[in-house]
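Enquirer: For reference, this is model.pdb, and it has PDB, C-alpha atoms.
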ATOM      1  CA  MET A   1      87.508 128.255 123.284
ATOM      2  CA  ALA A   2      88.533 131.862 122.874
ATOM      3  CA  VAL A   3      88.397 134.012 125.979
ATOM      4  CA  SER A   4      86.116 136.537 124.255
ATOM      5  CA  SER A   5      83.364 133.948 123.653
ATOM      6  CA  PHE A   6      83.753 132.681 127.204
ATOM      7  CA  LEU A   7      83.320 136.152 128.666
ATOM      8  CA  LYS A   8      80.235 137.090 126.663
ATOM      9  CA  TYR A   9      78.061 134.973 128.996
ATOM     10  CA  PRO A  10      77.663 135.301 132.758
ATOM     11  CA  TYR A  11      78.976 132.290 134.674
ATOM     12  CA  LEU A  12      78.801 130.950 138.203
ATOM     13  CA  ASN A  13      82.218 129.718 139.263
ATOM     14  CA  GLY A  14      84.028 132.899 138.233
ATOM     15  CA  PRO A  15      87.791 133.099 138.411
ATOM     16  CA  ALA A  16      88.380 129.442 139.318
ATOM     17  CA  THR A  17      86.685 128.238 136.132
ATOM     18  CA  PHE A  18      88.535 130.835 134.074
ATOM     19  CA  ASP A  19      91.880 129.784 135.583
ATOM     20  CA  VAL A  20      91.197 126.142 134.710
ATOM     21  CA  MET A  21      90.349 127.136 131.141
ATOM     22  CA  GLN A  22      93.562 129.122 130.750
ATOM     23  CA  ALA A  23      95.613 126.205 132.046
ATOM     24  CA  GLY A  24      94.101 124.023 129.309
ATOM     25  CA  SER A  25      93.502 120.991 131.525
ATOM     26  CA  ILE A  26      89.740 120.646 131.817
ATOM     27  CA  SER A  27      88.185 117.374 132.944
ATOM     28  CA  GLN A  28      84.871 116.403 131.379
ATOM     29  CA  GLU A  29      83.096 117.160 134.678
ATOM     30  CA  ASP A  30      84.530 120.715 134.666
ATOM     31  CA  GLU A  31      83.857 121.326 130.957
ATOM     32  CA  LEU A  32      81.474 124.248 130.527
ATOM     33  CA  VAL A  33      77.908 123.746 129.304
ATOM     34  CA  GLU A  34      75.338 126.345 128.329
ATOM     35  CA  VAL A  35      72.297 126.644 130.567
ATOM     36  CA  THR A  36      69.345 127.341 128.277
ATOM     37  CA  ASP A  37      65.920 128.925 128.572
ATOM     38  CA  SER A  38      62.612 127.396 127.459
ATOM     39  CA  PHE A  39      63.342 128.513 123.863
ATOM     40  CA  ASP A  40      66.738 126.699 123.877
ATOM     41  CA  GLN A  41      68.615 130.013 123.974
ATOM     42  CA  PRO A  42      71.813 130.130 126.077
ATOM     43  CA  LEU A  43      71.599 132.016 129.349
ATOM     44  CA  LEU A  44      74.892 131.340 131.113
ATOM     45  CA  LEU A  45      77.892 129.030 131.255
ATOM     46  CA  VAL A  46      78.445 126.651 134.149
ATOM     47  CA  PRO A  47      80.680 123.613 134.760
ATOM     48  CA  ARG A  48      78.972 120.360 133.759
ATOM     49  CA  SER A  49      79.145 119.029 137.328
ATOM     50  CA  LEU A  50      77.214 122.045 138.618
ATOM     51  CA  ALA A  51      74.589 121.755 135.865
ATOM     52  CA  LEU A  52      74.055 118.101 136.807
ATOM     53  CA  ARG A  53      73.877 118.786 140.557
ATOM     54  CA  ARG A  54      71.419 121.668 140.175
ATOM     55  CA  ARG A  55      69.388 120.011 137.389
ATOM     56  CA  LEU A  56      69.789 122.995 135.113
ATOM     57  CA  SER A  57      68.247 123.106 131.644
ATOM     58  CA  ARG A  58      70.871 122.393 128.970
ATOM     59  CA  ARG A  59      71.526 120.722 125.620
ATOM     60  CA  ILE A  60      72.359 117.071 125.132
ATOM     61  CA  VAL A  61      72.797 114.720 122.207
ATOM     62  CA  GLN A  62      71.447 111.206 121.915
ATOM     63  CA  VAL A  63      72.888 108.975 119.219
ATOM     64  CA  CYS A  64      71.431 105.732 117.944
ATOM     65  CA  LEU A  65      74.201 103.644 116.349
ATOM     66  CA  LYS A  66      72.913 101.153 113.776
ATOM     67  CA  ASP A  67      74.548  98.212 112.044
ATOM     68  CA  ALA A  68      74.037  97.113 108.427
ATOM     69  CA  ARG A  69      70.921  95.119 109.443
ATOM     70  CA  GLY A  70      69.262  98.177 111.021
ATOM     71  CA  ARG A  71      69.767  96.943 114.581
ATOM     72  CA  ILE A  72      70.482  99.440 117.363
ATOM     73  CA  PHE A  73      73.534  99.243 119.599
ATOM     74  CA  LEU A  74      72.671  99.332 123.300
ATOM     75  CA  GLN A  75      75.378  99.996 125.831
ATOM     76  CA  LYS A  76      75.325  98.681 129.382
ATOM     77  CA  ARG A  77      76.461 101.441 131.714
ATOM     78  CA  SER A  78      79.416 100.655 133.926
ATOM     79  CA  PRO A  79      78.478  99.661 137.510
ATOM     80  CA  SER A  80      80.985 102.259 138.743
ATOM     81  CA  LEU A  81      79.019 105.186 137.261
ATOM     82  CA  HIS A  82      77.131 107.435 139.660
ATOM     83  CA  ARG A  83      74.012 107.837 137.481
ATOM     84  CA  GLN A  84      71.976 104.775 136.474
ATOM     85  CA  PRO A  85      74.820 102.247 136.947
ATOM     86  CA  GLY A  86      74.537  98.830 135.283
ATOM     87  CA  LEU A  87      71.478  99.699 133.166
ATOM     88  CA  TRP A  88      71.084  99.286 129.405
ATOM     89  CA  ASP A  89      71.163 102.625 127.619
ATOM     90  CA  ILE A  90      70.864 104.179 124.181
ATOM     91  CA  SER A  91      74.082 103.963 122.123
ATOM     92  CA  VAL A  92      75.357 107.353 123.338
ATOM     93  CA  THR A  93      73.995 110.218 125.413
ATOM     94  CA  ASP A  94      76.241 113.154 126.231
ATOM     95  CA  GLU A  95      76.311 116.859 127.004
ATOM     96  CA  VAL A  96      76.815 119.539 124.391
ATOM     97  CA  PHE A  97      79.703 121.651 125.663
ATOM     98  CA  ALA A  98      79.745 125.440 125.432
ATOM     99  CA  GLY A  99      80.443 126.625 121.897
ATOM    100  CA  GLU A 100      80.087 123.110 120.465
ATOM    101  CA  ALA A 101      77.685 122.255 117.631
ATOM    102  CA  THR A 102      75.321 119.387 118.384
ATOM    103  CA  GLU A 103      76.694 117.328 115.485
ATOM    104  CA  GLY A 104      80.225 117.821 116.787
ATOM    105  CA  ALA A 105      79.080 116.733 120.247
ATOM    106  CA  ALA A 106      77.469 113.599 118.766
ATOM    107  CA  LEU A 107      80.625 112.678 116.833
ATOM    108  CA  ARG A 108      82.825 113.306 119.916
ATOM    109  CA  ALA A 109      80.554 111.232 122.139
ATOM    110  CA  LEU A 110      80.536 108.288 119.709
ATOM    111  CA  GLN A 111      84.303 108.264 119.473
ATOM    112  CA  ASN A 112      84.917 108.704 123.220
ATOM    113  CA  ALA A 113      82.328 106.223 124.486
ATOM    114  CA  LEU A 114      82.327 103.572 121.750
ATOM    115  CA  GLY A 115      85.513 104.127 119.741
ATOM    116  CA  ILE A 116      83.436 104.656 116.592
ATOM    117  CA  VAL A 117      84.105 107.158 113.837
ATOM    118  CA  VAL A 118      80.989 107.102 111.684
ATOM    119  CA  PRO A 119      80.741 107.772 107.985
ATOM    120  CA  ARG A 120      77.150 109.065 108.273
ATOM    121  CA  LEU A 121      75.315 110.994 110.972
ATOM    122  CA  ARG A 122      71.729 112.129 110.471
ATOM    123  CA  LEU A 123      69.745 114.482 112.708
ATOM    124  CA  LEU A 124      66.245 113.093 113.208
ATOM    125  CA  SER A 125      64.772 115.559 115.644
ATOM    126  CA  ALA A 126      65.339 118.024 118.442
ATOM    127  CA  LEU A 127      63.013 117.304 121.338
ATOM    128  CA  PRO A 128      62.541 118.775 124.806
ATOM    129  CA  TYR A 129      62.153 116.371 127.702
ATOM    130  CA  THR A 130      62.645 116.066 131.435
ATOM    131  CA  ASP A 131      65.240 113.523 132.554
ATOM    132  CA  ALA A 132      65.037 111.054 135.446
ATOM    133  CA  TYR A 133      66.411 113.708 137.833
ATOM    134  CA  GLY A 134      63.977 116.479 136.915
ATOM    135  CA  ALA A 135      66.226 118.531 134.618
ATOM    136  CA  ARG A 136      64.668 120.006 131.490
ATOM    137  CA  LEU A 137      66.840 119.061 128.536
ATOM    138  CA  ASN A 138      66.895 119.906 124.845
ATOM    139  CA  ALA A 139      67.861 116.669 123.094
ATOM    140  CA  SER A 140      69.215 116.535 119.554
ATOM    141  CA  CYS A 141      68.575 112.974 118.373
ATOM    142  CA  TYR A 142      70.924 111.500 115.758
ATOM    143  CA  VAL A 143      71.186 108.202 113.900
ATOM    144  CA  ALA A 144      74.697 107.019 113.031
ATOM    145  CA  GLY A 145      75.725 104.313 110.630
ATOM    146  CA  PRO A 146      75.373 101.793 109.328
ATOM    147  CA  VAL A 147      78.628 100.583 110.861
ATOM    148  CA  ARG A 148      80.345  97.384 109.840
ATOM    149  CA  THR A 149      82.675  97.115 112.831
ATOM    150  CA  HIS A 150      81.733  96.307 116.393
ATOM    151  CA  PRO A 151      82.098  99.210 118.852
ATOM    152  CA  GLN A 152      85.094  99.223 121.216
ATOM    153  CA  PRO A 153      83.521 100.778 124.339
ATOM    154  CA  ASP A 154      85.436 102.753 126.952
ATOM    155  CA  PRO A 155      85.459 100.288 129.909
ATOM    156  CA  THR A 156      85.225 103.110 132.463
ATOM    157  CA  ARG A 157      81.837 104.093 130.998
ATOM    158  CA  VAL A 158      80.474 100.961 129.310
ATOM    159  CA  SER A 159      80.590  97.418 130.696
ATOM    160  CA  ASP A 160      78.879  95.591 127.809
ATOM    161  CA  GLY A 161      77.038  96.174 124.558
ATOM    162  CA  MET A 162      74.762  94.469 122.053
ATOM    163  CA  PHE A 163      72.886  95.131 118.823
ATOM    164  CA  VAL A 164      69.112  94.605 119.066
ATOM    165  CA  ASP A 165      66.250  94.880 116.606
ATOM    166  CA  GLU A 166      62.987  96.701 117.270
ATOM    167  CA  ASP A 167      61.142  93.589 118.494
ATOM    168  CA  GLU A 168      63.922  92.692 120.932
ATOM    169  CA  LEU A 169      64.019  96.216 122.342
ATOM    170  CA  ARG A 170      60.241  96.408 122.708
ATOM    171  CA  GLY A 171      60.365  93.006 124.437
ATOM    172  CA  LEU A 172      62.955  94.332 126.891
ATOM    173  CA  MET A 173      60.742  97.353 127.564
ATOM    174  CA  SER A 174      57.659  95.263 128.261
ATOM    175  CA  GLN A 175      59.331  92.424 130.185
ATOM    176  CA  GLN A 176      62.236  94.058 132.034
ATOM    177  CA  PRO A 177      61.919  97.870 132.048
ATOM    178  CA  GLU A 178      63.885  98.039 135.304
ATOM    179  CA  LEU A 179      67.015  97.077 133.323
ATOM    180  CA  LEU A 180      66.737 100.137 131.036
ATOM    181  CA  THR A 181      67.728 103.753 131.598
ATOM    182  CA  PHE A 182      65.158 106.501 131.652
ATOM    183  CA  GLU A 183      66.731 107.931 128.471
ATOM    184  CA  LEU A 184      66.378 104.662 126.549
ATOM    185  CA  VAL A 185      62.734 104.242 127.577
ATOM    186  CA  TRP A 186      62.044 107.855 126.586
ATOM    187  CA  ALA A 187      63.781 107.405 123.203
ATOM    188  CA  VAL A 188      61.692 104.313 122.402
ATOM    189  CA  ARG A 189      58.431 105.937 123.509
ATOM    190  CA  SER A 190      59.131 109.145 121.584
ATOM    191  CA  GLY A 191      59.447 107.031 118.427
ATOM    192  CA  TRP A 192      62.639 108.406 116.893
ATOM    193  CA  LEU A 193      64.878 105.334 117.396
ATOM    194  CA  PHE A 194      63.540 103.223 114.530
ATOM    195  CA  HIS A 195      63.299 105.875 111.771
TER
END
Show this structure as C-alpha cells.

Expert:
Amino acid sequence: MAVSSFLKYPYLNGPATFDVMQAGSISQEDELVEVTDSFDQPLLLVPRSLALRRRLSRRIVQVCLKDARGRIFLQKRSPSLHRQPGLWDISVTDEVFAGEATEGAALRALQNALGIVVPRLRLLSALPYTDAYGARLNASCYVAGPVRTHPQPDPTRVSDGMFVDEDELRGLMSQQPELLTFELVWAVRSGWLFH
C-alpha cells in the first residue's frame, strides 16, 4: 500500500503501525482494515486485531465453495483458534484489508485457507449483519466454483472439511446447531448459500 493512501485516513495506532508498514513485515493480525459507517463508507484504518477486540464495523467476505455436484464445502475450524474453535463453518470467511477489493479478498482467502485457486467467482449479494460478538459487518457473499479438486486446508486454521448438499446442511442446522458457527447459520438463514 502506498504511504499516501495510508495517510489519507485517520488511524489509531499511529507511528507504530506506520513503522510496521514501512518494514514490510505485517502479520495478518496487524494488517489494516477499514472501519466503516452505516453506509459502508470508510471512516478510519485500524489493525485487524484492534477491530476484532473493539467489535468495530468493517467489511468481510464470505465465500461458498461448490463442487461439480453443487455441494458446499464446509470447513471445521481448528481447535486452536480463539474464535469459535472446532465448529463447522462456511467455506471461507475473512476480513477485507484496507485498499483491497472484496473480490481480491475472497480470492486471497480461498487460496490461504483452502489452497484453492478458482476459475469462477460470482458475487451474490452484499448484506449487513451483526456477528456473534456484536460487531456490525458488511458481508460480500461470493460463490466459487465448481471445483474439481478437493481443497487442501491450512492445518493451522482448518482441522477438517467436507462437501454437503442442501438437505445435509439443513439437517445439521436442525439436529446439531451447536456444531455450527454463527456465520454459517446466518448464511443458511439469509438464503444466499444455495443460489

Enquirer: Enumerate, as a PyMOL selection string, the residues matched when the PyMOL selection byres ((chain A and resi 102-109) around 12) is run on the file above.

Expert: chain A and resi 28+33+58-65+91-101+110-126+138-145+153-154+157

Enquirer: Could you write out as a PyMOL selection string the residues that the PyMOL selection byres ((chain A and resi 57) around 8) matches in the shown file?

Expert: chain A and resi 35-37+51+55-56+58-59+135-138

Enquirer: Interatomic distance between atom CA of A:Met162 and atom CA of A:Leu74?

Expert: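 If I compute the distance from atom CA of A:Met162 to atom CA of A:Leu74, I get 5.4 Å.
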
Enquirer: Between A:Ser38, A:Gly134, A:Arg48, A:Ser159, which has the minimum distance to A:Ser78 (counting only C-alpha atoms)?

Expert: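 With only C-alpha atoms as the atom set, the closest residue is A:Ser159.
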
Enquirer: Please indicate the distance in Å from atom CA of A:Val147 to atom CA of A:Pro85, rounded to one decimal place.

Expert: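 Value for the atom CA of A:Val147-atom CA of A:Pro85 distance: 26.4 Å.
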
Enquirer: At what distance in Å, to one decimal, does atom CA of A:Val164 lie from atom CA of A:Pro146?

Expert: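 Atom-to-atom, atom CA of A:Pro146 to atom CA of A:Val164, that is 13.6 Å.
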
Enquirer: Let me know the residues the PyMOL selection byres ((chain A and resi 191) around 12) catches in the file above, as a VMD selection string.

Expert: chain A and resid 124 to 125 127 141 166 170 184 to 190 192 to 195

Enquirer: Those selected residues, please, written with C-alpha atoms and delivered as a PDB file, keeping the file's coordinate frame.

Expert:
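Ended up saving to result-v2.pdb:
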ATOM      1  CA  LEU A 124      66.245 113.093 113.208  1.00  0.00           C
ATOM      2  CA  SER A 125      64.772 115.559 115.644  1.00  0.00           C
ATOM      3  CA  LEU A 127      63.013 117.304 121.338  1.00  0.00           C
ATOM      4  CA  CYS A 141      68.575 112.974 118.373  1.00  0.00           C
ATOM      5  CA  GLU A 166      62.987  96.701 117.270  1.00  0.00           C
ATOM      6  CA  ARG A 170      60.241  96.408 122.708  1.00  0.00           C
ATOM      7  CA  LEU A 184      66.378 104.662 126.549  1.00  0.00           C
ATOM      8  CA  VAL A 185      62.734 104.242 127.577  1.00  0.00           C
ATOM      9  CA  TRP A 186      62.044 107.855 126.586  1.00  0.00           C
ATOM     10  CA  ALA A 187      63.781 107.405 123.203  1.00  0.00           C
ATOM     11  CA  VAL A 188      61.692 104.313 122.402  1.00  0.00           C
ATOM     12  CA  ARG A 189      58.431 105.937 123.509  1.00  0.00           C
ATOM     13  CA  SER A 190      59.131 109.145 121.584  1.00  0.00           C
ATOM     14  CA  TRP A 192      62.639 108.406 116.893  1.00  0.00           C
ATOM     15  CA  LEU A 193      64.878 105.334 117.396  1.00  0.00           C
ATOM     16  CA  PHE A 194      63.540 103.223 114.530  1.00  0.00           C
ATOM     17  CA  HIS A 195      63.299 105.875 111.771  1.00  0.00           C
TER      18      HIS A 195
END

Enquirer: Between A:Asp160, A:Tyr133, A:Asp167, A:Leu32, single out the one closest to A:Arg54, counting all atoms listed in the file.

Expert: A:Tyr133

Enquirer: Using all atoms listed in the file, which of A:Asp165, A:Pro155, A:Lys76, A:Thr130 sits nearest A:Thr181?

Expert: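 Checking each of A:Asp165, A:Pro155, A:Lys76, A:Thr130 against A:Thr181, counting all atoms listed in the file, the winner is A:Lys76.
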
Enquirer: Counting all atoms listed in the file, which of A:Phe73, A:Pro47, A:Glu183, A:Gln41 gets nearest to A:His150?

Expert: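 Closest to A:His150 of all the choices is A:Phe73.
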
Enquirer: Using only C-alpha atoms, pick whichever of A:Ser174, A:Gln152, A:Leu180, A:Val158 has the shortest atom-to-atom distance to A:Pro79.

Expert: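 Distance minimum relative to A:Pro79 lands on A:Val158.
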
Enquirer: Neighbouring residues of A:Thr156 were defined as those with any atom within 9 Å, considering all atoms listed in the file; residues of the same chain fewer than 5 positions away were excluded. Please report them as a VMD selection string.

Expert: chain A and resid 77 to 78 80 to 81

Enquirer: Missing atoms in stretch 97-108 of chain A: fill them in up to all heavy atoms and send the result as a PDB file, in the frame of the given file.

Expert:
ATOM      1  N   PHE A  97      78.887 120.689 124.940  1.00  0.00           N
ATOM      2  CA  PHE A  97      79.703 121.651 125.663  1.00  0.00           C
ATOM      3  C   PHE A  97      79.546 123.044 125.077  1.00  0.00           C
ATOM      4  O   PHE A  97      79.116 123.212 123.930  1.00  0.00           O
ATOM      5  CB  PHE A  97      81.175 121.213 125.662  1.00  0.00           C
ATOM      6  CG  PHE A  97      81.400 119.910 126.374  1.00  0.00           C
ATOM      7  CD1 PHE A  97      82.220 118.945 125.826  1.00  0.00           C
ATOM      8  CD2 PHE A  97      80.792 119.639 127.588  1.00  0.00           C
ATOM      9  CE1 PHE A  97      82.433 117.736 126.473  1.00  0.00           C
ATOM     10  CE2 PHE A  97      80.990 118.438 128.242  1.00  0.00           C
ATOM     11  CZ  PHE A  97      81.814 117.477 127.678  1.00  0.00           C
ATOM     12  N   ALA A  98      79.884 124.041 125.850  1.00  0.00           N
ATOM     13  CA  ALA A  98      79.745 125.440 125.432  1.00  0.00           C
ATOM     14  C   ALA A  98      80.506 125.678 124.134  1.00  0.00           C
ATOM     15  O   ALA A  98      81.660 125.286 123.992  1.00  0.00           O
ATOM     16  CB  ALA A  98      80.266 126.361 126.531  1.00  0.00           C
ATOM     17  N   GLY A  99      79.828 126.306 123.174  1.00  0.00           N
ATOM     18  CA  GLY A  99      80.443 126.625 121.897  1.00  0.00           C
ATOM     19  C   GLY A  99      80.528 125.466 120.925  1.00  0.00           C
ATOM     20  O   GLY A  99      81.045 125.613 119.824  1.00  0.00           O
ATOM     21  N   GLU A 100      80.002 124.310 121.293  1.00  0.00           N
ATOM     22  CA  GLU A 100      80.087 123.110 120.465  1.00  0.00           C
ATOM     23  C   GLU A 100      78.776 122.926 119.689  1.00  0.00           C
ATOM     24  O   GLU A 100      77.697 123.076 120.243  1.00  0.00           O
ATOM     25  CB  GLU A 100      80.332 121.898 121.380  1.00  0.00           C
ATOM     26  CG  GLU A 100      80.590 120.602 120.684  1.00  0.00           C
ATOM     27  CD  GLU A 100      80.923 119.484 121.665  1.00  0.00           C
ATOM     28  OE1 GLU A 100      80.335 119.429 122.779  1.00  0.00           O
ATOM     29  OE2 GLU A 100      81.760 118.648 121.316  1.00  0.00           O
ATOM     30  N   ALA A 101      78.874 122.580 118.418  1.00  0.00           N
ATOM     31  CA  ALA A 101      77.685 122.255 117.631  1.00  0.00           C
ATOM     32  C   ALA A 101      77.175 120.895 118.073  1.00  0.00           C
ATOM     33  O   ALA A 101      77.947 120.036 118.510  1.00  0.00           O
ATOM     34  CB  ALA A 101      78.037 122.231 116.149  1.00  0.00           C
ATOM     35  N   THR A 102      75.871 120.674 117.941  1.00  0.00           N
ATOM     36  CA  THR A 102      75.321 119.387 118.384  1.00  0.00           C
ATOM     37  C   THR A 102      75.889 118.221 117.580  1.00  0.00           C
ATOM     38  O   THR A 102      76.158 117.163 118.139  1.00  0.00           O
ATOM     39  CB  THR A 102      73.784 119.375 118.311  1.00  0.00           C
ATOM     40  OG1 THR A 102      73.360 119.656 116.981  1.00  0.00           O
ATOM     41  CG2 THR A 102      73.182 120.380 119.284  1.00  0.00           C
ATOM     42  N   GLU A 103      76.112 118.412 116.287  1.00  0.00           N
ATOM     43  CA  GLU A 103      76.694 117.328 115.485  1.00  0.00           C
ATOM     44  C   GLU A 103      78.111 117.010 115.943  1.00  0.00           C
ATOM     45  O   GLU A 103      78.504 115.847 116.036  1.00  0.00           O
ATOM     46  CB  GLU A 103      76.684 117.684 114.000  1.00  0.00           C
ATOM     47  CG  GLU A 103      77.182 116.544 113.138  1.00  0.00           C
ATOM     48  CD  GLU A 103      77.042 116.820 111.654  1.00  0.00           C
ATOM     49  OE1 GLU A 103      76.424 117.826 111.269  1.00  0.00           O
ATOM     50  OE2 GLU A 103      77.558 116.012 110.874  1.00  0.00           O
ATOM     51  N   GLY A 104      78.878 118.033 116.262  1.00  0.00           N
ATOM     52  CA  GLY A 104      80.225 117.821 116.787  1.00  0.00           C
ATOM     53  C   GLY A 104      80.189 117.079 118.114  1.00  0.00           C
ATOM     54  O   GLY A 104      81.015 116.201 118.374  1.00  0.00           O
ATOM     55  N   ALA A 105      79.221 117.418 118.962  1.00  0.00           N
ATOM     56  CA  ALA A 105      79.080 116.733 120.247  1.00  0.00           C
ATOM     57  C   ALA A 105      78.728 115.266 120.033  1.00  0.00           C
ATOM     58  O   ALA A 105      79.245 114.381 120.728  1.00  0.00           O
ATOM     59  CB  ALA A 105      78.012 117.410 121.093  1.00  0.00           C
ATOM     60  N   ALA A 106      77.856 114.982 119.060  1.00  0.00           N
ATOM     61  CA  ALA A 106      77.469 113.599 118.766  1.00  0.00           C
ATOM     62  C   ALA A 106      78.665 112.790 118.260  1.00  0.00           C
ATOM     63  O   ALA A 106      78.886 111.655 118.695  1.00  0.00           O
ATOM     64  CB  ALA A 106      76.334 113.579 117.749  1.00  0.00           C
ATOM     65  N   LEU A 107      79.443 113.377 117.360  1.00  0.00           N
ATOM     66  CA  LEU A 107      80.625 112.678 116.833  1.00  0.00           C
ATOM     67  C   LEU A 107      81.659 112.439 117.933  1.00  0.00           C
ATOM     68  O   LEU A 107      82.244 111.353 118.029  1.00  0.00           O
ATOM     69  CB  LEU A 107      81.241 113.487 115.687  1.00  0.00           C
ATOM     70  CG  LEU A 107      80.388 113.558 114.418  1.00  0.00           C
ATOM     71  CD1 LEU A 107      80.947 114.604 113.457  1.00  0.00           C
ATOM     72  CD2 LEU A 107      80.287 112.196 113.756  1.00  0.00           C
ATOM     73  N   ARG A 108      81.892 113.444 118.793  1.00  0.00           N
ATOM     74  CA  ARG A 108      82.825 113.306 119.916  1.00  0.00           C
ATOM     75  C   ARG A 108      82.371 112.208 120.864  1.00  0.00           C
ATOM     76  O   ARG A 108      83.157 111.346 121.286  1.00  0.00           O
ATOM     77  CB  ARG A 108      82.939 114.637 120.672  1.00  0.00           C
ATOM     78  CG  ARG A 108      83.725 114.534 121.983  1.00  0.00           C
ATOM     79  CD  ARG A 108      83.677 115.823 122.796  1.00  0.00           C
ATOM     80  NE  ARG A 108      82.379 116.415 122.994  1.00  0.00           N
ATOM     81  CZ  ARG A 108      81.468 115.979 123.877  1.00  0.00           C
ATOM     82  NH1 ARG A 108      81.696 114.909 124.613  1.00  0.00           N
ATOM     83  NH2 ARG A 108      80.308 116.610 124.009  1.00  0.00           N
TER      84      ARG A 108
END
